[in-house]
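**Q** To be precise about what I am sending: the file is called target-v8.cif and holds mmCIF, C-alpha atoms and all ligand atoms.
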```cif
data_entry
#
loop_
_atom_site.label_atom_id
_atom_site.label_comp_id
_atom_site.auth_asym_id
_atom_site.auth_seq_id
_atom_site.Cartn_x
_atom_site.Cartn_y
_atom_site.Cartn_z
CA MET A 1 10.42 5.39 -7.79
CA VAL A 2 14.18 5.67 -8.13
CA SER A 3 15.28 6.79 -11.54
CA GLU A 4 18.74 7.40 -12.86
CA PRO A 5 20.02 10.93 -12.33
CA VAL A 6 20.20 13.23 -15.32
CA ARG A 7 23.56 14.72 -16.30
CA ILE A 8 23.94 18.18 -17.81
CA ASP A 9 27.29 19.72 -18.75
CA VAL A 10 28.10 23.41 -18.73
CA HIS A 11 31.06 24.61 -20.75
CA ALA A 12 31.89 28.18 -19.85
CA GLY A 13 35.00 30.25 -20.40
CA SER A 14 36.01 30.17 -16.75
CA GLY A 15 35.58 26.41 -16.45
CA ALA A 16 33.30 23.44 -16.93
CA SER A 17 30.62 22.14 -14.60
CA THR A 18 28.75 18.89 -14.42
CA ILE A 19 25.26 18.96 -13.00
CA TRP A 20 23.60 15.83 -11.66
CA ILE A 21 19.88 15.96 -11.00
CA GLY A 22 17.75 13.27 -9.45
CA ASP A 23 15.95 12.12 -6.35
CA GLY A 24 18.55 10.69 -3.99
CA VAL A 25 21.56 12.32 -5.66
CA GLY A 26 22.43 13.76 -2.22
CA ASP A 27 22.76 10.26 -0.79
CA ARG A 28 25.21 9.40 -3.54
CA ALA A 29 27.22 12.60 -3.19
CA GLY A 30 30.44 10.87 -2.13
CA THR A 31 30.39 8.38 -4.99
CA LEU A 32 29.53 11.03 -7.56
CA LEU A 33 32.29 13.36 -6.39
CA ASP A 34 34.77 10.45 -6.44
CA ALA A 35 33.71 9.70 -10.01
CA HIS A 36 34.52 13.29 -10.95
CA HIS A 37 37.92 13.07 -9.23
CA ILE A 38 36.99 15.77 -6.74
CA SER A 39 39.62 15.92 -4.01
CA SER A 40 38.78 13.71 -1.06
CA ARG A 41 39.78 16.58 1.22
CA ARG A 42 36.27 18.00 1.26
CA LEU A 43 35.15 20.83 3.48
CA VAL A 44 31.43 21.12 3.81
CA ILE A 45 29.96 24.55 4.50
CA SER A 46 26.28 24.96 5.33
CA SER A 47 23.92 26.79 7.67
CA PRO A 48 22.79 25.56 11.10
CA LEU A 49 19.17 25.20 9.90
CA ILE A 50 19.94 23.31 6.73
CA TRP A 51 22.40 21.06 8.48
CA ARG A 52 19.88 20.27 11.21
CA LEU A 53 17.38 19.24 8.54
CA HIS A 54 19.59 17.36 6.13
CA GLY A 55 23.03 17.07 7.71
CA GLU A 56 22.73 13.53 8.90
CA ARG A 57 21.99 12.16 5.44
CA LEU A 58 24.53 14.34 3.70
CA ALA A 59 27.25 13.67 6.28
CA ARG A 60 26.75 9.97 5.72
CA ALA A 61 27.08 10.47 1.97
CA LEU A 62 30.03 12.84 2.11
CA GLY A 63 31.81 11.28 5.07
CA GLY A 64 34.46 13.09 7.00
CA ALA A 65 34.72 15.96 9.36
CA ASP A 66 32.18 18.32 10.88
CA PRO A 67 30.87 21.01 8.57
CA ILE A 68 31.62 24.69 8.87
CA LEU A 69 28.30 26.36 9.72
CA VAL A 70 27.51 29.98 8.88
CA PRO A 71 24.13 31.65 9.32
CA ASP A 72 22.08 32.16 6.15
CA GLY A 73 19.53 34.74 5.18
CA GLU A 74 20.17 37.72 2.95
CA ARG A 75 21.58 39.87 5.75
CA PHE A 76 24.43 37.43 6.25
CA LYS A 77 25.42 37.48 2.58
CA ASN A 78 28.31 39.80 3.28
CA LEU A 79 32.07 40.09 3.62
CA GLN A 80 31.97 39.32 7.35
CA SER A 81 30.59 35.86 6.56
CA VAL A 82 33.23 35.41 3.89
CA SER A 83 35.89 36.37 6.39
CA LYS A 84 34.54 33.85 8.91
CA ILE A 85 34.65 31.19 6.23
CA TYR A 86 38.30 32.01 5.39
CA ASP A 87 39.20 31.68 9.09
CA ALA A 88 37.42 28.36 9.39
CA LEU A 89 39.11 27.09 6.23
CA VAL A 90 42.55 28.00 7.54
CA ARG A 91 41.80 26.37 10.89
CA ALA A 92 40.60 23.24 9.13
CA GLY A 93 43.87 23.07 7.21
CA ALA A 94 42.35 23.70 3.79
CA ASP A 95 44.86 24.03 0.96
CA ARG A 96 44.86 24.50 -2.80
CA GLY A 97 44.01 20.84 -3.25
CA SER A 98 40.91 20.94 -1.04
CA ALA A 99 37.36 21.05 -2.33
CA ILE A 100 34.63 23.16 -0.78
CA VAL A 101 31.11 21.77 -0.75
CA ALA A 102 28.42 24.45 -0.31
CA VAL A 103 25.16 23.00 1.03
CA GLY A 104 22.30 25.47 1.09
CA GLY A 105 20.14 28.00 -0.70
CA GLY A 106 21.30 30.85 -2.89
CA VAL A 107 22.70 32.83 0.03
CA ILE A 108 25.00 30.02 1.15
CA GLY A 109 25.86 29.19 -2.47
CA ASP A 110 26.80 32.77 -3.39
CA THR A 111 28.71 33.45 -0.16
CA VAL A 112 30.57 30.15 0.03
CA GLY A 113 31.12 30.29 -3.72
CA PHE A 114 32.77 33.68 -3.37
CA ALA A 115 34.98 32.36 -0.58
CA ALA A 116 35.94 29.40 -2.81
CA ALA A 117 36.70 31.74 -5.73
CA THR A 118 39.07 33.82 -3.66
CA PHE A 119 40.56 31.58 -0.95
CA LEU A 120 44.15 30.85 -2.06
CA ARG A 121 43.14 32.44 -5.39
CA GLY A 122 40.50 29.83 -5.97
CA VAL A 123 39.76 26.29 -4.87
CA THR A 124 37.42 23.64 -6.24
CA LEU A 125 33.75 24.29 -5.53
CA VAL A 126 30.82 21.90 -5.35
CA HIS A 127 27.25 23.09 -4.93
CA VAL A 128 24.54 21.08 -3.22
CA PRO A 129 21.60 23.50 -3.58
CA THR A 130 18.76 23.03 -1.11
CA THR A 131 16.15 25.60 -2.25
CA LEU A 132 14.24 25.41 -5.51
CA LEU A 133 15.66 28.79 -6.48
CA ALA A 134 19.19 27.54 -5.93
CA GLN A 135 18.47 24.27 -7.76
CA VAL A 136 17.17 25.93 -10.92
CA ASP A 137 19.14 29.15 -10.86
CA SER A 138 21.82 30.32 -8.46
CA SER A 139 23.92 27.12 -8.32
CA ILE A 140 24.35 27.14 -12.09
CA GLY A 141 26.37 29.59 -14.10
CA GLY A 142 29.31 30.45 -11.88
CA LYS A 143 28.20 33.81 -10.54
CA VAL A 144 29.22 34.11 -6.90
CA GLY A 145 29.33 37.11 -4.64
CA VAL A 146 28.08 39.04 -1.65
CA ASN A 147 26.31 42.27 -0.81
CA LEU A 148 27.87 45.49 0.46
CA PRO A 149 26.04 47.77 2.91
CA LEU A 150 25.40 50.07 -0.08
CA GLY A 151 23.96 47.51 -2.44
CA LYS A 152 23.27 43.94 -3.41
CA ASN A 153 25.75 41.66 -5.20
CA LEU A 154 28.27 44.48 -5.57
CA VAL A 155 31.26 42.21 -4.95
CA GLY A 156 31.66 38.99 -6.83
CA ALA A 157 33.42 36.73 -9.27
CA PHE A 158 32.84 34.09 -11.88
CA HIS A 159 33.78 30.73 -10.43
CA GLN A 160 32.23 27.69 -12.04
CA PRO A 161 31.41 24.89 -9.62
CA ALA A 162 33.13 21.67 -10.70
CA VAL A 163 30.02 19.69 -9.81
CA VAL A 164 26.45 20.61 -8.85
CA LEU A 165 24.41 17.94 -7.10
CA ILE A 166 20.69 18.64 -7.32
CA ASP A 167 18.46 16.45 -5.19
CA PRO A 168 14.78 17.46 -5.35
CA LEU A 169 14.16 15.37 -2.20
CA LEU A 170 16.01 18.07 -0.24
CA LEU A 171 13.09 20.37 -1.05
CA SER A 172 10.69 18.34 1.10
CA THR A 173 11.41 20.63 4.07
CA LEU A 174 11.34 23.90 2.16
CA PRO A 175 8.58 26.27 3.35
CA ARG A 176 5.87 26.79 0.74
CA ARG A 177 6.69 30.44 0.21
CA GLU A 178 10.35 29.68 -0.48
CA PHE A 179 9.27 26.92 -2.82
CA ARG A 180 7.00 29.31 -4.70
CA SER A 181 9.81 31.83 -4.94
CA GLY A 182 11.80 29.29 -6.95
CA LEU A 183 8.78 28.29 -8.97
CA TYR A 184 8.51 31.78 -10.47
CA GLU A 185 12.00 31.31 -11.90
CA VAL A 186 10.78 28.06 -13.45
CA VAL A 187 7.93 30.04 -15.00
CA LYS A 188 10.57 32.50 -16.24
CA TYR A 189 12.40 29.70 -18.06
CA GLY A 190 9.11 28.73 -19.63
CA MET A 191 8.52 32.30 -20.76
CA ILE A 192 11.97 32.76 -22.26
CA ALA A 193 12.61 29.36 -23.76
CA SER A 194 10.00 26.65 -23.39
CA ARG A 195 6.27 26.73 -23.88
CA ASP A 196 6.25 23.07 -22.92
CA LEU A 197 7.71 23.84 -19.48
CA PHE A 198 5.24 26.71 -19.04
CA ASP A 199 2.32 24.44 -19.92
CA ARG A 200 3.53 21.69 -17.64
CA VAL A 201 3.71 24.04 -14.65
CA SER A 202 0.27 25.45 -15.53
CA SER A 203 -1.45 22.09 -15.76
CA ASN A 204 0.36 20.34 -12.90
CA THR A 205 0.50 23.05 -10.26
CA LYS A 206 -0.98 20.83 -7.56
CA ALA A 207 1.41 17.98 -8.19
CA ILE A 208 4.34 20.39 -8.21
CA PHE A 209 3.31 21.88 -4.86
CA ALA A 210 2.95 18.34 -3.54
CA ARG A 211 6.55 17.94 -4.75
CA ASP A 212 5.52 14.93 -6.79
CA PRO A 213 8.84 13.69 -8.16
CA ARG A 214 7.26 12.74 -11.49
CA VAL A 215 6.49 16.39 -12.21
CA LEU A 216 8.97 18.29 -10.08
CA ALA A 217 12.20 16.60 -11.16
CA PRO A 218 11.53 17.02 -14.90
CA ALA A 219 10.66 20.70 -14.37
CA ILE A 220 13.96 21.21 -12.54
CA VAL A 221 15.85 19.33 -15.25
CA GLU A 222 14.30 21.42 -18.01
CA SER A 223 15.04 24.67 -16.13
CA CYS A 224 18.65 23.65 -15.56
CA ARG A 225 19.04 22.69 -19.23
CA ILE A 226 17.89 26.13 -20.29
CA LYS A 227 20.19 27.95 -17.89
CA ALA A 228 23.15 25.66 -18.67
CA ASP A 229 22.62 26.20 -22.37
CA VAL A 230 22.50 29.98 -22.07
CA VAL A 231 25.54 30.13 -19.77
CA SER A 232 27.56 27.83 -22.04
CA LYS A 233 26.98 30.24 -24.90
CA ASP A 234 27.43 33.47 -22.94
CA GLU A 235 28.94 33.18 -19.48
CA ARG A 236 29.63 36.89 -18.99
CA GLU A 237 26.37 38.38 -20.15
CA GLY A 238 27.64 39.84 -23.40
CA GLY A 239 24.20 39.40 -24.87
CA LEU A 240 22.32 36.12 -24.72
CA ARG A 241 22.64 35.69 -20.94
CA ARG A 242 20.54 38.81 -20.59
CA ILE A 243 17.46 36.76 -21.41
CA LEU A 244 17.84 35.22 -17.95
CA ASN A 245 17.06 38.69 -16.66
CA TYR A 246 13.52 38.44 -17.98
CA GLY A 247 11.30 40.01 -15.33
CA HIS A 248 14.33 41.16 -13.37
CA THR A 249 14.46 44.81 -14.42
CA VAL A 250 11.27 45.69 -12.59
CA GLY A 251 11.73 42.80 -10.14
CA HIS A 252 15.07 44.03 -8.81
CA ALA A 253 13.71 47.57 -8.53
CA LEU A 254 10.76 46.32 -6.43
CA GLU A 255 13.13 44.40 -4.16
CA SER A 256 15.37 47.42 -3.80
CA VAL A 257 12.66 49.98 -2.96
CA THR A 258 11.28 47.62 -0.32
CA LYS A 259 14.81 47.04 1.07
CA TYR A 260 14.67 43.31 0.30
CA ARG A 261 12.15 42.82 3.11
CA ARG A 262 8.78 42.55 1.43
CA PHE A 263 9.29 40.14 -1.42
CA ARG A 264 10.98 36.83 -1.77
CA HIS A 265 13.11 37.17 -4.89
CA GLY A 266 10.79 35.13 -7.10
CA GLU A 267 7.74 37.13 -6.00
CA ALA A 268 9.35 40.34 -7.22
CA ILE A 269 10.24 38.57 -10.47
CA ALA A 270 6.61 37.53 -10.86
CA TYR A 271 5.64 41.21 -10.87
CA GLY A 272 8.53 41.92 -13.19
CA MET A 273 7.32 39.30 -15.66
CA LEU A 274 3.81 40.77 -15.57
CA ALA A 275 5.28 44.20 -16.26
CA ALA A 276 7.40 42.91 -19.15
CA ALA A 277 4.39 41.14 -20.63
CA ASP A 278 2.26 44.26 -20.34
CA LEU A 279 4.97 46.33 -22.03
CA ALA A 280 5.26 43.75 -24.80
CA VAL A 281 1.50 43.77 -25.40
CA SER A 282 1.39 47.56 -25.47
CA ARG A 283 4.06 47.49 -28.17
CA GLY A 284 2.18 44.89 -30.16
CA ALA A 285 5.02 42.40 -29.67
CA LEU A 286 3.07 39.86 -27.59
CA ALA A 287 -0.48 38.60 -28.03
CA GLU A 288 -2.88 39.61 -25.24
CA ARG A 289 -3.92 35.97 -24.73
CA GLU A 290 -0.28 35.06 -23.99
CA ARG A 291 -0.09 37.81 -21.37
CA GLN A 292 -3.32 36.51 -19.87
CA ALA A 293 -1.92 32.97 -19.72
CA LEU A 294 1.06 34.31 -17.75
CA ALA A 295 -1.15 36.37 -15.44
CA ARG A 296 -3.39 33.33 -14.85
CA LEU A 297 -0.45 31.09 -14.03
CA ILE A 298 1.05 33.62 -11.63
CA ALA A 299 -2.33 34.05 -9.90
CA GLN A 300 -2.67 30.27 -9.71
CA LEU A 301 0.67 29.93 -7.91
CA GLY A 302 -0.55 32.04 -5.01
CA PRO A 303 -0.89 35.56 -3.67
CA LEU A 304 1.88 38.11 -4.09
CA PRO A 305 2.73 40.82 -1.54
CA PRO A 306 1.04 44.13 -2.40
CA VAL A 307 2.61 46.87 -4.54
CA VAL A 308 -0.14 49.51 -4.32
CA ASP A 309 1.74 51.67 -1.82
CA LEU A 310 4.95 51.80 -3.84
CA PRO A 311 5.59 55.10 -5.62
CA ILE A 312 6.28 54.72 -9.33
CA ALA A 313 8.98 57.40 -9.14
CA ASP A 314 10.98 55.38 -6.61
CA VAL A 315 10.78 52.25 -8.71
CA LEU A 316 11.85 54.11 -11.84
CA GLU A 317 14.78 55.57 -9.98
CA ALA A 318 15.84 52.14 -8.73
CA MET A 319 15.60 50.81 -12.29
CA THR A 320 18.01 53.37 -13.65
CA ARG A 321 20.53 52.55 -10.90
CA ASP A 322 20.42 48.86 -11.83
CA LYS A 323 23.45 47.02 -13.19
CA LYS A 324 21.47 46.19 -16.32
CA VAL A 325 21.92 49.77 -17.43
CA VAL A 326 24.89 49.62 -19.80
CA ASP A 327 26.25 52.95 -21.05
CA GLY A 328 23.06 54.65 -19.97
CA THR A 329 20.74 52.34 -21.92
CA LEU A 330 18.29 50.07 -20.20
CA HIS A 331 18.26 46.67 -21.88
CA PHE A 332 14.80 45.31 -21.40
CA VAL A 333 14.00 41.69 -22.20
CA ILE A 334 10.46 41.03 -23.37
CA ALA A 335 8.78 37.80 -24.39
CA ILE A 336 7.28 37.93 -27.87
CA GLN A 337 5.43 34.69 -27.23
CA ILE A 338 5.58 32.13 -24.47
CA GLY A 339 9.00 30.57 -25.06
CA ALA A 340 10.71 33.31 -27.08
CA THR A 341 12.21 36.70 -26.26
CA MET A 342 13.77 39.80 -27.71
CA THR A 343 15.70 42.66 -26.15
CA ILE A 344 14.62 46.26 -26.56
CA ASP A 345 16.66 49.25 -25.54
CA ASP A 346 14.39 52.17 -26.33
CA VAL A 347 11.94 51.92 -23.45
CA THR A 348 10.93 55.41 -22.43
CA GLU A 349 10.31 56.57 -18.91
CA GLU A 350 6.74 57.45 -19.84
CA GLU A 351 6.10 53.95 -21.15
CA MET A 352 7.49 52.44 -17.96
CA ARG A 353 5.39 54.79 -15.86
CA GLU A 354 2.24 53.54 -17.59
CA VAL A 355 3.23 49.90 -17.19
CA LEU A 356 3.91 50.37 -13.47
CA ALA A 357 0.61 52.22 -13.06
CA ARG A 358 -1.25 49.32 -14.67
CA LEU A 359 0.61 46.97 -12.32
CA GLY A 360 -1.07 48.93 -9.52
CA LEU A 361 1.71 51.13 -8.16
CA THR A 362 1.13 54.68 -6.88
CA ARG A 363 1.45 57.59 -9.28
N1 LIG B 1 24.49 33.38 -8.34
C1 LIG B 1 23.42 33.52 -9.09
O1 LIG B 1 23.47 33.37 -10.32
C2 LIG B 1 22.13 33.83 -8.42
C3 LIG B 1 20.93 33.72 -9.13
C4 LIG B 1 19.73 33.97 -8.46
C5 LIG B 1 19.74 34.32 -7.12
N2 LIG B 1 20.92 34.44 -6.47
C6 LIG B 1 20.97 34.79 -5.03
O2 LIG B 1 20.32 33.77 -4.29
C7 LIG B 1 19.86 34.33 -3.06
C8 LIG B 1 18.48 33.80 -2.75
O3 LIG B 1 18.55 32.41 -2.62
P1 LIG B 1 17.37 31.57 -1.93
O4 LIG B 1 16.08 32.02 -2.43
O5 LIG B 1 17.76 30.15 -2.06
O6 LIG B 1 17.42 32.08 -0.42
P2 LIG B 1 18.17 31.58 0.90
O7 LIG B 1 19.47 30.97 0.60
O8 LIG B 1 18.14 32.73 1.83
O9 LIG B 1 17.20 30.45 1.43
C9 LIG B 1 15.91 30.78 1.81
C10 LIG B 1 15.56 30.21 3.19
O10 LIG B 1 15.32 28.82 3.07
C11 LIG B 1 16.05 28.10 4.07
N3 LIG B 1 16.34 26.78 3.49
C12 LIG B 1 17.25 26.48 2.55
N4 LIG B 1 17.13 25.20 2.18
C13 LIG B 1 16.13 24.68 2.92
C14 LIG B 1 15.52 23.40 2.99
N5 LIG B 1 15.89 22.40 2.18
N6 LIG B 1 14.50 23.22 3.86
C15 LIG B 1 14.09 24.24 4.65
N7 LIG B 1 14.60 25.47 4.63
C16 LIG B 1 15.62 25.67 3.77
C17 LIG B 1 17.22 28.97 4.36
O11 LIG B 1 17.71 28.71 5.64
C18 LIG B 1 16.65 30.37 4.23
O12 LIG B 1 16.04 30.76 5.43
C19 LIG B 1 19.90 35.82 -3.22
O13 LIG B 1 20.95 36.35 -2.43
C20 LIG B 1 20.21 36.02 -4.69
O14 LIG B 1 20.99 37.18 -4.95
C21 LIG B 1 22.10 34.19 -7.09
ZN ZN B 2 16.18 35.66 -10.42
#
```
Before anything else, please render the file you have as C-alpha cells.

**A**
Amino acid sequence: MVSEPVRIDVHAGSGASTIWIGDGVGDRAGTLLDAHHISSRRLVISSPLIWRLHGERLARALGGADPILVPDGERFKNLQSVSKIYDALVRAGADRGSAIVAVGGGVIGDTVGFAAATFLRGVTLVHVPTTLLAQVDSSIGGKVGVNLPLGKNLVGAFHQPAVVLIDPLLLSTLPRREFRSGLYEVVKYGMIASRDLFDRVSSNTKAIFARDPRVLAPAIVESCRIKADVVSKDEREGGLRRILNYGHTVGHALESVTKYRRFRHGEAIAYGMLAAADLAVSRGALAERERQALARLIAQLGPLPPVVDLPIADVLEAMTRDKKVVDGTLHFVIAIQIGATMTIDDVTEEEMREVLARLGLTR
C-alpha cells in the first residue's frame, strides 16, 4: 500500500520546518528536497551502521557524493564528533549555501544538527530520522546539541531543520528494544494530548510491533502533530513546551544515576510516567483507573530494566540537579486524565520519596 505522504508544518521563532511522513518518503528524498528549494549541494552525514543498512537506497534518492560517516551511540555525542564533522565539511568544500542532511537516530541528529547550527554560523539542515524516537521526537523542534564529560546535552542550540523526512520503512531494521524506546514517547504523547493515540497503541500493540504501516504510520503522524503543535506555540520552553517533559523529571534522573548505561531513554521515561501518574493519583488529580490503564499499557509493551537497587536519595539528588529546575523550583508535569496535563511546582521531597518507594526503589 503506497499512500501519499502527510505534510506537517512547524512555525517556530528560529525558523520554519516542513515535515513529510510516509512509507517510501526516503526514496523520494531528492525530489522532495528539490521541491523545497533545498540547495543541491547536499552533504549527507550518517553512521557506518545506518549507512550499511539504508545507504544504498538513500544514496540513490539523494544522489551525489559519498556520505560523511561518524560513529553513533551516546558516547560519541560529543564535541570531538562535532569537530570531526567540521573538518569533513571543510574538506568536502561545504559553504554557506550547502545543505547538511543528517541520516540517523537521535544521536546523529543532535550531533550533526549542532554542527549545522554552528558551521559558518549556521547552514541549512535536513533530518532523515531512522529510529522511532528520532522520528517522533528528536528530529522535530530544533533542539540540537551534544554532551560534555560532566553532563548530558550541556552544549546546544536551537536550529530548526528546513525539512524532516520521516520514512517509517527505515524502522524495519531497528532492534526491538530501540523500537520500544521510541514507543514510550508515543505513549507520552497519548498521555499529554491524545486519548485516541493512547487507545490506538493499547489496542494495536501487536500490529505496531510488526511495524504494520496501517497502524504505525498514523501513530507517528499523530505524535509528530502533537510535538509540532507544541513547538510552534512555544519553541523555547517558556511554558507549554514543558508538557513534552512529561515523565522526564524522574526519567532523566534514572538515566543519570545509572550513567546512561542501564536504560534506553524511553524505558526511563516509562518509569517516569508511572511516577508522575502515581503522584497525580496521590494528589487526587488523576483517577486510579487512568493510572492503571497507563501501567497496563507499559507492562504490555515489554519488560523494563530493574530499579530496585537504585537508592531514592541518589535519584532525588539527580532530580534537583536537572535543567527543569528553574530558580530552585521543580516544575513537574502531571496528567490529570489520559490526554490532558497540568504543571505543579510544589512537589515536596517527602512526596517524591514516597512515589519513588512505590515505584520500587531502595529507601
Ligand atoms: N533534540 C531533541 O529534541 C531530542 C529529543 C529526544 C531525544 N534526544 C536525544 O536523542 C538521543 C537518543 O536517540 P536514539 O534513541 O535515536 O538513539 P541513537 O541515535 O543512539 O540510536 C540508537 C541505536 O540504533 C541504531 N540505529 C539507528 N537507526 C537504525 C535503523 N534504522 N536500523 C537499525 N539500527 C538503527 C543506532 O546505530 C544506535 O545504535 C539522545 O542523545 C537524546 O538526548 C534529543
Ligand atoms: Zn524523551

**Q** Could you pull the residues within 8 Å of A:Val103, counting all atoms listed in the file, minus those fewer than 5 positions along the same chain, as a PyMOL selection string?

**A** chain A and resi 44-47+50+108-109+127-130

**Q** Can you pull out every residue within 9 Å of A:Ala65, counting only C-alpha atoms, but drop anything in the same chain fewer than 3 positions away, and send it as a list in words?

**A**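 In the requested format, the answer is Arg42, Leu43, Val44 and Ala59 of chain A.
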
**Q** Which residue is closest to A:Ala16? Choose from A:Asp199, A:Glu222, A:Glu235, A:Asp322 and count all atoms listed in the file.

**A**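 Looking at the shortest contact to A:Ala16, the residue is A:Glu235.
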
**Q** Write out as JSON, numbers by chain each polymer residue (protein, DNA or RNA) that has an atom no more than 12 Å from ligand ZN 2 (chain B), with all atoms listed in the file counted.

**A** {"A": [106, 132, 133, 134, 135, 136, 137, 138, 139, 140, 181, 182, 183, 184, 185, 186, 187, 188, 189, 227, 242, 243, 244, 245, 246, 247, 248, 249, 250, 251, 252, 255, 264, 265, 266, 267, 268, 269, 270, 271, 272, 273]}

**Q** Could you check which of A:Ala29, A:Leu171, A:Leu120, A:Val201 is closest to ligand LIG 1 (chain B), using only C-alpha atoms and all ligand atoms?

**A**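 Ranking A:Ala29, A:Leu171, A:Leu120, A:Val201 by distance to ligand LIG 1 (chain B), first place goes to A:Leu171.
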
**Q** Residues near A:Ala280, anyone? I mean within 8 Å using only C-alpha atoms, not counting same-chain ones fewer than 3 positions away, as a VMD selection string.

**A** chain A and resid 276 to 277 283 to 286 334 to 336

**Q** So which residues touch A:Leu32 within 12 Å, counting all atoms listed in the file, skipping near sequence neighbours fewer than 2 positions away, as a PyMOL selection string?

**A** chain A and resi 5+7+18-21+24-30+34-40+61-62+126+162-166

**Q** So, counting all atoms listed in the file, which residue among A:Leu49, A:Met352, A:Leu274, A:Val307 is closest to A:Gly73?

**A**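 Among A:Leu49, A:Met352, A:Leu274, A:Val307, it is A:Leu49 that comes nearest to A:Gly73.
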
**Q** Mind giving me the straight-line distance from atom CA of A:Val155 to atom CA of A:Asn78 in Å, one decimal?

**A**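 Taking atom CA of A:Val155 as the start and atom CA of A:Asn78 as the end point, the length is 9.1 Å.
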
**Q** Kindly give the distance, in Å, that separates atom P1 of ligand LIG 1 (chain B) and atom CA of A:Glu178, rounded to a single decimal.

**A** 7.4 Å

**Q** How would stretch 304-321 of chain A read, as a short mmCIF file (atom, residue, chain, number, x, y, z; two decimals), in the coordinates of the input, once N, CA and C atoms are built in?

**A**
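Okay, result-v1.cif is ready:
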```cif
data_model
loop_
_atom_site.label_atom_id
_atom_site.label_comp_id
_atom_site.auth_asym_id
_atom_site.auth_seq_id
_atom_site.Cartn_x
_atom_site.Cartn_y
_atom_site.Cartn_z
N LEU A 304 0.61 37.38 -4.16
CA LEU A 304 1.88 38.11 -4.09
C LEU A 304 1.72 39.25 -3.09
N PRO A 305 2.82 39.65 -2.44
CA PRO A 305 2.73 40.82 -1.54
C PRO A 305 2.27 42.03 -2.34
N PRO A 306 1.60 42.99 -1.68
CA PRO A 306 1.04 44.13 -2.40
C PRO A 306 2.11 45.08 -2.95
N VAL A 307 1.72 45.83 -4.00
CA VAL A 307 2.61 46.87 -4.54
C VAL A 307 1.93 48.24 -4.55
N VAL A 308 0.64 48.28 -4.16
CA VAL A 308 -0.14 49.51 -4.32
C VAL A 308 0.46 50.74 -3.64
N ASP A 309 1.19 50.52 -2.55
CA ASP A 309 1.74 51.67 -1.82
C ASP A 309 3.08 52.13 -2.36
N LEU A 310 3.60 51.46 -3.37
CA LEU A 310 4.95 51.80 -3.84
C LEU A 310 4.90 52.90 -4.90
N PRO A 311 5.61 54.00 -4.66
CA PRO A 311 5.59 55.10 -5.62
C PRO A 311 6.34 54.75 -6.91
N ILE A 312 5.69 55.02 -8.03
CA ILE A 312 6.28 54.72 -9.33
C ILE A 312 7.64 55.41 -9.47
N ALA A 313 7.73 56.65 -8.99
CA ALA A 313 8.98 57.40 -9.14
C ALA A 313 10.16 56.67 -8.49
N ASP A 314 9.90 56.09 -7.31
CA ASP A 314 10.98 55.38 -6.61
C ASP A 314 11.44 54.16 -7.40
N VAL A 315 10.45 53.46 -7.96
CA VAL A 315 10.78 52.25 -8.71
C VAL A 315 11.55 52.61 -9.98
N LEU A 316 11.13 53.67 -10.64
CA LEU A 316 11.85 54.11 -11.84
C LEU A 316 13.28 54.49 -11.50
N GLU A 317 13.43 55.15 -10.38
CA GLU A 317 14.78 55.57 -9.98
C GLU A 317 15.66 54.34 -9.71
N ALA A 318 15.08 53.36 -9.02
CA ALA A 318 15.84 52.14 -8.73
C ALA A 318 16.21 51.42 -10.03
N MET A 319 15.30 51.47 -11.02
CA MET A 319 15.60 50.81 -12.29
C MET A 319 16.79 51.43 -13.00
N THR A 320 16.90 52.73 -12.93
CA THR A 320 18.01 53.37 -13.65
C THR A 320 19.34 53.17 -12.92
N ARG A 321 19.29 52.84 -11.64
CA ARG A 321 20.53 52.55 -10.90
C ARG A 321 21.02 51.13 -11.13
#
```
